[in-house]
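See below for input-v2.pdb, which holds PDB, C-alpha atoms.
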```pdb
MODEL        1
ATOM      1  CA  MET A1477       0.000   0.000   0.000
ATOM      2  CA  ASN A1478       1.250   3.432  -0.955
ATOM      3  CA  VAL A1479       1.183   6.144   1.760
ATOM      4  CA  PRO A1480       3.165   9.161   0.516
ATOM      5  CA  LYS A1481       5.128  10.950   3.226
ATOM      6  CA  ASN A1482       4.300  14.463   1.994
ATOM      7  CA  LEU A1483       0.550  14.226   2.677
ATOM      8  CA  LEU A1484      -1.829  14.274   5.633
ATOM      9  CA  TYR A1485      -4.651  11.733   6.050
ATOM     10  CA  THR A1486      -8.049  11.181   7.631
ATOM     11  CA  LYS A1487      -9.481   8.138   9.349
ATOM     12  CA  LYS A1488     -11.993   7.952   6.486
ATOM     13  CA  HIS A1489      -9.194   7.559   3.919
ATOM     14  CA  ALA A1490      -8.874  11.004   2.399
ATOM     15  CA  TRP A1491      -5.472  12.502   1.723
ATOM     16  CA  VAL A1492      -4.629  16.210   1.885
ATOM     17  CA  ARG A1493      -1.803  18.062   0.143
ATOM     18  CA  LEU A1494      -1.156  21.521   1.632
ATOM     19  CA  LYS A1495      -0.521  24.544  -0.594
ATOM     20  CA  LYS A1496      -0.760  27.640   1.634
ATOM     21  CA  ASP A1497      -4.489  28.339   2.242
ATOM     22  CA  VAL A1498      -5.629  25.757  -0.314
ATOM     23  CA  VAL A1499      -5.462  21.980  -0.097
ATOM     24  CA  THR A1500      -5.775  19.320  -2.757
ATOM     25  CA  VAL A1501      -7.882  16.341  -1.653
ATOM     26  CA  GLY A1502      -8.067  12.784  -2.890
ATOM     27  CA  MET A1503      -8.771   9.251  -1.751
ATOM     28  CA  THR A1504      -6.077   7.006  -0.390
ATOM     29  CA  ASP A1505      -4.709   3.887  -1.982
ATOM     30  CA  GLU A1506      -6.432   1.925   0.796
ATOM     31  CA  LEU A1507      -9.891   3.265  -0.100
ATOM     32  CA  GLN A1508      -9.491   2.940  -3.853
ATOM     33  CA  GLU A1509      -8.561  -0.729  -3.337
ATOM     34  CA  ARG A1510     -11.671  -1.283  -1.191
ATOM     35  CA  ILE A1511     -13.905   0.242  -3.857
ATOM     36  CA  GLU A1512     -12.364  -2.027  -6.526
ATOM     37  CA  SER A1513     -13.878  -0.478  -9.662
ATOM     38  CA  VAL A1514     -14.928   3.171  -9.808
ATOM     39  CA  GLN A1515     -17.590   3.670 -12.475
ATOM     40  CA  SER A1516     -18.380   7.332 -11.818
ATOM     41  CA  VAL A1517     -17.869  10.143  -9.331
ATOM     42  CA  LEU A1518     -20.477  12.737  -8.392
ATOM     43  CA  LEU A1519     -18.176  15.661  -7.624
ATOM     44  CA  PRO A1520     -19.060  18.771  -5.630
ATOM     45  CA  SER A1521     -19.270  22.102  -7.456
ATOM     46  CA  LYS A1522     -16.914  25.041  -7.305
ATOM     47  CA  GLY A1523     -18.081  27.294  -4.472
ATOM     48  CA  ASP A1524     -19.745  24.507  -2.453
ATOM     49  CA  GLU A1525     -19.285  24.904   1.296
ATOM     50  CA  LEU A1526     -17.955  21.800   3.065
ATOM     51  CA  GLU A1527     -17.803  20.797   6.706
ATOM     52  CA  MET A1528     -15.159  18.522   8.147
ATOM     53  CA  ASP A1529     -16.296  14.865   8.311
ATOM     54  CA  HIS A1530     -19.487  15.535   6.311
ATOM     55  CA  GLU A1531     -20.296  13.801   3.043
ATOM     56  CA  CYS A1532     -19.120  15.837   0.070
ATOM     57  CA  LEU A1533     -19.211  13.479  -2.913
ATOM     58  CA  THR A1534     -20.394  10.050  -4.000
ATOM     59  CA  ILE A1535     -18.446   7.331  -5.766
ATOM     60  CA  HIS A1536     -20.246   4.662  -7.763
ATOM     61  CA  SER A1537     -18.628   1.257  -8.159
ATOM     62  CA  ASP A1538     -19.931  -1.803  -9.992
ATOM     63  CA  SER A1539     -22.415  -2.659  -7.275
ATOM     64  CA  ARG A1540     -22.399   0.062  -4.606
ATOM     65  CA  PHE A1541     -22.289   3.740  -3.814
ATOM     66  CA  PHE A1542     -19.632   5.082  -1.447
ATOM     67  CA  ASP A1543     -19.768   8.395   0.392
ATOM     68  CA  PHE A1544     -16.582  10.432   0.644
ATOM     69  CA  PHE A1545     -16.163  12.842   3.545
ATOM     70  CA  SER A1546     -14.529  16.250   3.576
ATOM     71  CA  PRO A1547     -11.246  16.311   5.476
ATOM     72  CA  LEU A1548     -11.648  20.001   6.444
ATOM     73  CA  THR A1549     -14.143  22.844   6.672
ATOM     74  CA  GLY A1550     -14.085  25.325   3.796
ATOM     75  CA  ARG A1551     -15.151  25.783   0.180
ATOM     76  CA  ILE A1552     -14.411  24.151  -3.140
ATOM     77  CA  VAL A1553     -12.171  26.195  -5.438
ATOM     78  CA  ALA A1554     -11.590  23.527  -8.140
ATOM     79  CA  VAL A1555     -12.730  20.024  -9.056
ATOM     80  CA  ASN A1556     -10.991  17.401 -11.149
ATOM     81  CA  THR A1557     -13.366  17.387 -14.114
ATOM     82  CA  GLU A1558     -11.153  14.787 -15.826
ATOM     83  CA  LEU A1559     -12.730  12.200 -13.503
ATOM     84  CA  LYS A1560     -16.076  12.594 -15.281
ATOM     85  CA  ASN A1561     -14.608  10.967 -18.393
ATOM     86  CA  ARG A1562     -11.851   8.945 -16.741
ATOM     87  CA  PRO A1563     -12.918   7.808 -13.236
ATOM     88  CA  GLU A1564     -10.306   5.037 -13.448
ATOM     89  CA  LEU A1565      -7.675   7.696 -12.626
ATOM     90  CA  ILE A1566      -8.672   7.180  -9.001
ATOM     91  CA  HIS A1567      -7.242   3.659  -9.304
ATOM     92  CA  THR A1568      -4.310   4.261 -11.593
ATOM     93  CA  SER A1569      -3.081   7.495 -10.004
ATOM     94  CA  PRO A1570      -4.835   8.150  -6.644
ATOM     95  CA  TYR A1571      -2.180  10.616  -5.428
ATOM     96  CA  GLU A1572      -1.619  12.559  -8.648
ATOM     97  CA  ASP A1573      -4.032  12.532 -11.618
ATOM     98  CA  GLY A1574      -6.878  11.022  -9.564
ATOM     99  CA  TRP A1575      -7.196  13.940  -7.137
ATOM    100  CA  LEU A1576     -10.808  14.911  -6.368
ATOM    101  CA  PHE A1577     -10.969  18.613  -5.529
ATOM    102  CA  GLU A1578      -9.158  21.633  -4.151
ATOM    103  CA  MET A1579     -10.548  23.644  -1.286
ATOM    104  CA  GLU A1580      -9.788  26.692   0.818
ATOM    105  CA  TYR A1581      -9.957  25.730   4.460
ATOM    106  CA  ASP A1582     -11.402  27.959   7.164
ATOM    107  CA  GLU A1583     -10.146  26.333  10.344
ATOM    108  CA  PRO A1584      -6.333  25.937  10.476
ATOM    109  CA  ASP A1585      -6.714  24.081  13.802
ATOM    110  CA  GLU A1586      -8.432  21.243  11.911
ATOM    111  CA  LEU A1587      -5.099  20.430  10.257
ATOM    112  CA  GLU A1588      -3.893  19.188  13.646
ATOM    113  CA  MET A1589      -6.664  16.559  13.604
ATOM    114  CA  LEU A1590      -5.329  14.995  10.415
ATOM    115  CA  TYR A1591      -2.973  12.032  10.572
ATOM    116  CA  THR A1592       0.668  12.043   9.656
ATOM    117  CA  PRO A1593       1.678   9.170   7.338
ATOM    118  CA  ASN A1594       2.898   7.120  10.332
ATOM    119  CA  GLU A1595      -0.288   7.775  12.300
ATOM    120  CA  TYR A1596      -2.394   6.773   9.284
ATOM    121  CA  LEU A1597      -0.444   3.518   8.867
ATOM    122  CA  HIS A1598      -0.894   2.835  12.569
ATOM    123  CA  GLU A1599      -4.636   3.509  12.241
ATOM    124  CA  LEU A1600      -4.859   1.045   9.350
ATOM    125  CA  GLU A1601      -3.009  -1.613  11.292
ATOM    126  CA  PHE A1602      -4.474  -1.166  14.752
ATOM    127  CA  GLY A1603      -7.568   1.009  14.344
ATOM    128  CA  THR A1604      -6.492   3.592  16.875
ATOM    129  CA  ARG A1605      -4.419   6.739  16.696
ATOM    130  CA  ARG A1606      -1.236   6.806  18.753
TER
ENDMDL
END
```

Kindly return the structure encoded in the file as structure tokens.
Amino acid sequence: MNVPKNLLYTKKHAWVRLKKDVVTVGMTDELQERIESVQSVLLPSKGDELEMDHECLTIHSDSRFFDFFSPLTGRIVAVNTELKNRPELIHTSPYEDGWLFEMEYDEPDELEMLYTPNEYLHELEFGTRR
């Protein structure tokens, strides 16, 4: 399983790449493997307001729908429209081309609630944050 060291993570398998006041968000390798085959993604819209740990998009696989939860509170500034035509990017490139959206975050303190790569690996293995 791939867990890049330059990202932060959530318990619900989102990754976050910091870029000043904006973050890029995607789903982890762990989650994309659980989903198996992404058929489509219902992305949020630019300008949508998100709340940390609230559903913000839906992923459709062969047989199920999966909810994806916002890692932070803020608003959408960009979405990866390439996923509409190529949802398989989530599987082939979850940390690069398969990113989901970019958002401005409102609560810098929420960043402290995200997992470091080591904490995320520990969570996957033991189900509890150190």

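The coordinates place CA of Phe1544 in chain A at 14.8 Å from CA of Asp1524 in chain A.
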
Pick from A:Asn1594, A:Asn1561, A:Ser1546, A:Ser1539 nearest to Val1492 in chain A, counting all atoms listed in the file: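 The closest residue to Val1492 in chain A is A:Ser1546.
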
Contacts of Glu1531 in chain A within 9 Å, all atoms listed in the file, excl. fewer than 2 positions in-chain, as an mmCIF file with C-alpha atoms, keeping the file's coordinate frame:
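Below you can see out06.cif, which holds the result:
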```cif
data_model
loop_
_atom_site.group_PDB
_atom_site.id
_atom_site.type_symbol
_atom_site.label_atom_id
_atom_site.label_comp_id
_atom_site.auth_asym_id
_atom_site.auth_seq_id
_atom_site.Cartn_x
_atom_site.Cartn_y
_atom_site.Cartn_z
ATOM 1 C CA LEU A 1526 -17.955 21.800 3.065
ATOM 2 C CA GLU A 1527 -17.803 20.797 6.706
ATOM 3 C CA MET A 1528 -15.159 18.522 8.147
ATOM 4 C CA ASP A 1529 -16.296 14.865 8.311
ATOM 5 C CA LEU A 1533 -19.211 13.479 -2.913
ATOM 6 C CA THR A 1534 -20.394 10.050 -4.000
ATOM 7 C CA ASP A 1543 -19.768 8.395 0.392
ATOM 8 C CA PHE A 1544 -16.582 10.432 0.644
ATOM 9 C CA PHE A 1545 -16.163 12.842 3.545
ATOM 10 C CA SER A 1546 -14.529 16.250 3.576
#
```

The PyMOL selection byres ((chain A and resi 1521) around 10) resolved against shown file, as a list in words: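 Against this file, the PyMOL selection byres ((chain A and resi 1521) around 10) returns the residues Leu1518, Leu1519, Pro1520, Lys1522, Gly1523, Asp1524, Glu1525, Cys1532, Leu1533, Arg1551, Ile1552, Val1553, Ala1554, Val1555 and Phe1577 of chain A.
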
Å distance separating CA of His1536 in chain A from CA of Gly1574 in chain A, one decimal place: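 Taking CA of His1536 in chain A as the start and CA of Gly1574 in chain A as the end point, the length is 14.9 Å.
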
Residue members of the PyMOL selection byres ((chain A and resi 1478) around 9) in the file shown, as a PyMOL selection string: chain A and resi 1477+1479-1480+1504-1506

Matched chain/residue IDs from the PyMOL selection byres ((chain A and resi 1582) around 10), as a list in words: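 Taken on the displayed file, the PyMOL selection byres ((chain A and resi 1582) around 10) yields the residues Asp1497, Val1498, Leu1526, Glu1527, Leu1548, Thr1549, Gly1550, Arg1551, Met1579, Glu1580, Tyr1581, Glu1583, Pro1584, Asp1585 and Glu1586 of chain A.
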
Local residues around (-0.6, 9.9, 9.3), at most 12 Å away, using only C-alpha atoms, as a ChimeraX atom specification: /A:1479-1492,1504,1587-1601,1604-1606

For the selection just defined, write its residues with C-alpha atoms to a file, as a PDB file, in the coordinates of the input.
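part_39.pdb written:
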```
ATOM      1  CA  VAL A1479       1.183   6.144   1.760  1.00  0.00           C
ATOM      2  CA  PRO A1480       3.165   9.161   0.516  1.00  0.00           C
ATOM      3  CA  LYS A1481       5.128  10.950   3.226  1.00  0.00           C
ATOM      4  CA  ASN A1482       4.300  14.463   1.994  1.00  0.00           C
ATOM      5  CA  LEU A1483       0.550  14.226   2.677  1.00  0.00           C
ATOM      6  CA  LEU A1484      -1.829  14.274   5.633  1.00  0.00           C
ATOM      7  CA  TYR A1485      -4.651  11.733   6.050  1.00  0.00           C
ATOM      8  CA  THR A1486      -8.049  11.181   7.631  1.00  0.00           C
ATOM      9  CA  LYS A1487      -9.481   8.138   9.349  1.00  0.00           C
ATOM     10  CA  LYS A1488     -11.993   7.952   6.486  1.00  0.00           C
ATOM     11  CA  HIS A1489      -9.194   7.559   3.919  1.00  0.00           C
ATOM     12  CA  ALA A1490      -8.874  11.004   2.399  1.00  0.00           C
ATOM     13  CA  TRP A1491      -5.472  12.502   1.723  1.00  0.00           C
ATOM     14  CA  VAL A1492      -4.629  16.210   1.885  1.00  0.00           C
ATOM     15  CA  THR A1504      -6.077   7.006  -0.390  1.00  0.00           C
ATOM     16  CA  LEU A1587      -5.099  20.430  10.257  1.00  0.00           C
ATOM     17  CA  GLU A1588      -3.893  19.188  13.646  1.00  0.00           C
ATOM     18  CA  MET A1589      -6.664  16.559  13.604  1.00  0.00           C
ATOM     19  CA  LEU A1590      -5.329  14.995  10.415  1.00  0.00           C
ATOM     20  CA  TYR A1591      -2.973  12.032  10.572  1.00  0.00           C
ATOM     21  CA  THR A1592       0.668  12.043   9.656  1.00  0.00           C
ATOM     22  CA  PRO A1593       1.678   9.170   7.338  1.00  0.00           C
ATOM     23  CA  ASN A1594       2.898   7.120  10.332  1.00  0.00           C
ATOM     24  CA  GLU A1595      -0.288   7.775  12.300  1.00  0.00           C
ATOM     25  CA  TYR A1596      -2.394   6.773   9.284  1.00  0.00           C
ATOM     26  CA  LEU A1597      -0.444   3.518   8.867  1.00  0.00           C
ATOM     27  CA  HIS A1598      -0.894   2.835  12.569  1.00  0.00           C
ATOM     28  CA  GLU A1599      -4.636   3.509  12.241  1.00  0.00           C
ATOM     29  CA  LEU A1600      -4.859   1.045   9.350  1.00  0.00           C
ATOM     30  CA  GLU A1601      -3.009  -1.613  11.292  1.00  0.00           C
ATOM     31  CA  THR A1604      -6.492   3.592  16.875  1.00  0.00           C
ATOM     32  CA  ARG A1605      -4.419   6.739  16.696  1.00  0.00           C
ATOM     33  CA  ARG A1606      -1.236   6.806  18.753  1.00  0.00           C
TER      34      ARG A1606
END
```

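CA of Val1501 in chain A to CA of Glu1578 in chain A spans 6.0 Å [interatomic distance, one decimal].
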
Gln1515 in chain A surroundings by all atoms listed in the file, 12 Å radius, close-in-sequence under 6 positions cut, as a list in words: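 Neighbouring residues, sequence-local ones excluded: Gln1508, Thr1534, Ile1535, His1536, Ser1537, Asp1538, Ser1539, Arg1540, Phe1541, Phe1542, Leu1559, Lys1560, Asn1561, Arg1562, Pro1563, Glu1564, Leu1565, Ile1566 and His1567 of chain A.
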